[in-house]
file run-v4.cif (mmCIF, C-alpha atoms)
data_query
#
loop_
_atom_site.group_PDB
_atom_site.id
_atom_site.type_symbol
_atom_site.label_atom_id
_atom_site.label_comp_id
_atom_site.auth_asym_id
_atom_site.auth_seq_id
_atom_site.Cartn_x
_atom_site.Cartn_y
_atom_site.Cartn_z
ATOM 1 C CA MET A 1 77.420 64.989 107.850
ATOM 2 C CA THR A 2 81.165 64.943 107.187
ATOM 3 C CA ASP A 3 83.038 67.785 105.593
ATOM 4 C CA HIS A 4 84.854 66.930 102.395
ATOM 5 C CA PRO A 5 88.152 68.635 101.672
ATOM 6 C CA ASP A 6 88.208 71.160 98.867
ATOM 7 C CA PRO A 7 89.652 69.383 95.788
ATOM 8 C CA LYS A 8 91.466 72.523 94.633
ATOM 9 C CA GLN A 9 93.097 72.962 98.031
ATOM 10 C CA LEU A 10 94.127 69.288 98.075
ATOM 11 C CA LYS A 11 95.775 69.682 94.649
ATOM 12 C CA ARG A 12 97.690 72.745 95.888
ATOM 13 C CA LEU A 13 98.880 70.809 98.956
ATOM 14 C CA GLU A 14 99.917 67.787 96.878
ATOM 15 C CA ARG A 15 101.760 70.007 94.392
ATOM 16 C CA ALA A 16 103.569 71.836 97.207
ATOM 17 C CA ILE A 17 104.689 68.508 98.694
ATOM 18 C CA ARG A 18 105.827 67.151 95.301
ATOM 19 C CA LYS A 19 107.931 70.260 94.665
ATOM 20 C CA LEU A 20 109.938 69.915 97.875
ATOM 21 C CA PRO A 21 113.523 68.712 97.395
ATOM 22 C CA ARG A 22 113.610 64.907 97.563
ATOM 23 C CA ARG A 23 115.193 64.537 101.005
ATOM 24 C CA GLN A 24 112.945 67.221 102.531
ATOM 25 C CA ARG A 25 109.889 65.568 100.954
ATOM 26 C CA GLU A 26 110.853 62.144 102.314
ATOM 27 C CA ILE A 27 111.323 63.496 105.825
ATOM 28 C CA PHE A 28 108.199 65.671 105.703
ATOM 29 C CA CYS A 29 106.066 62.702 104.615
ATOM 30 C CA ALA A 30 107.657 60.328 107.124
ATOM 31 C CA ILE A 31 106.839 62.713 109.978
ATOM 32 C CA ARG A 32 103.420 63.961 108.827
ATOM 33 C CA PHE A 33 101.970 60.854 107.181
ATOM 34 C CA ASP A 34 103.894 57.881 108.597
ATOM 35 C CA ASP A 35 104.067 59.356 112.118
ATOM 36 C CA LEU A 36 107.759 58.480 112.503
ATOM 37 C CA SER A 37 109.922 60.180 115.115
ATOM 38 C CA TYR A 38 113.089 62.093 114.292
ATOM 39 C CA GLU A 39 115.047 59.249 115.882
ATOM 40 C CA GLU A 40 113.345 56.598 113.724
ATOM 41 C CA ILE A 41 113.985 58.590 110.556
ATOM 42 C CA ALA A 42 117.610 59.167 111.536
ATOM 43 C CA ALA A 43 118.117 55.432 112.099
ATOM 44 C CA ARG A 44 116.523 54.567 108.740
ATOM 45 C CA THR A 45 118.339 57.200 106.692
ATOM 46 C CA GLY A 46 121.745 57.329 108.342
ATOM 47 C CA LEU A 47 121.278 61.026 109.148
ATOM 48 C CA THR A 48 121.719 62.484 112.597
ATOM 49 C CA VAL A 49 118.653 63.574 114.573
ATOM 50 C CA ALA A 50 119.839 67.184 114.199
ATOM 51 C CA GLU A 51 119.980 66.775 110.392
ATOM 52 C CA VAL A 52 116.454 65.339 110.358
ATOM 53 C CA GLU A 53 115.214 68.255 112.485
ATOM 54 C CA ARG A 54 116.890 70.778 110.178
ATOM 55 C CA LEU A 55 115.549 69.163 107.011
ATOM 56 C CA PHE A 56 112.028 69.012 108.454
ATOM 57 C CA ALA A 57 112.189 72.700 109.431
ATOM 58 C CA GLU A 58 113.410 73.569 105.917
ATOM 59 C CA ALA A 59 110.631 71.439 104.418
ATOM 60 C CA LEU A 60 107.995 73.248 106.492
ATOM 61 C CA LEU A 61 109.300 76.644 105.420
ATOM 62 C CA ASN A 62 109.464 75.623 101.754
ATOM 63 C CA PHE A 63 105.981 74.124 101.986
ATOM 64 C CA MET A 64 104.545 77.304 103.499
ATOM 65 C CA ARG A 65 106.291 79.492 100.920
ATOM 66 C CA ARG A 66 104.901 77.421 98.051
ATOM 67 C CA LEU A 67 101.409 77.933 99.461
ATOM 68 C CA ASP A 68 102.053 81.642 100.085
ATOM 69 C CA TRP A 69 101.514 81.151 103.813
ATOM 70 C CA LYS A 70 103.341 83.534 106.099
ATOM 71 C CA PRO A 71 105.360 81.674 108.729
ATOM 72 C CA LYS A 72 104.249 82.529 112.238
ATOM 73 C CA ARG A 73 106.861 83.882 114.566
ATOM 74 C CA TRP A 74 106.032 81.504 117.364
ATOM 75 C CA TRP A 75 108.973 82.652 119.454
ATOM 76 C CA ARG A 76 107.388 86.076 119.913
ATOM 77 C CA PHE A 77 104.542 86.575 122.326
ATOM 78 C CA TRP A 78 103.502 90.105 121.328
#

call {"tool": "encode", "arguments": {"input": "run-v4.cif", "output": "structure tokens"}}
result
Amino acid sequence: MTDHPDPKQLKRLERAIRKLPRRQREIFCAIRFDDLSYEEIAARTGLTVAEVERLFAEALLNFMRRLDWKPKRWWRFW
């Protein structure tokens, strides 16, 4: 038996993605859904790899904020 995603949760996720700024949304979707590397996205968009990394990080933070998720402080071990 397969688990089906919660339709309400899917709508929240879709809405959060749609509300990202255009460039952040494009990069977020290219990485998460199209499985493109930072280098591939940079080559396609004319951005630098560093700009793609920054925009993806901003997209993740905006996405988490829209869903009221608290960002984890992964750099801390305690």

call {"tool": "residues_around", "arguments": {"input": "run-v4.cif", "residues": "A:Arg66", "least_positions_apart": "5", "cutoff": "12 Å", "atoms": "only C-alpha atoms", "output": "list of chain:residue names"}}
result
A:Arg12, A:Leu13, A:Glu14, A:Arg15, A:Ala16, A:Ile17, A:Arg18, A:Lys19, A:Leu20, A:Ala59, A:Leu60, A:Leu61, A:Pro71

call {"tool": "residues_near_point", "arguments": {"input": "run-v4.cif", "point": "(110.3, 67.4, 109.4)", "cutoff": "12 Å", "atoms": "only C-alpha atoms", "output": "JSON, numbers by chain"}}
result
{"A": [20, 23, 24, 25, 26, 27, 28, 29, 30, 31, 32, 33, 34, 35, 36, 37, 38, 39, 41, 42, 49, 50, 51, 52, 53, 54, 55, 56, 57, 58, 59, 60, 61, 62, 63]}

call {"tool": "atom_distance", "arguments": {"input": "run-v4.cif", "atom1": "atom CA of A:Leu67", "atom2": "atom CA of A:Leu10"}}
result
11.4 Å

call {"tool": "atom_distance", "arguments": {"input": "run-v4.cif", "atom1": "atom CA of A:Pro7", "atom2": "atom CA of A:Asp68"}}
result
18.0 Å
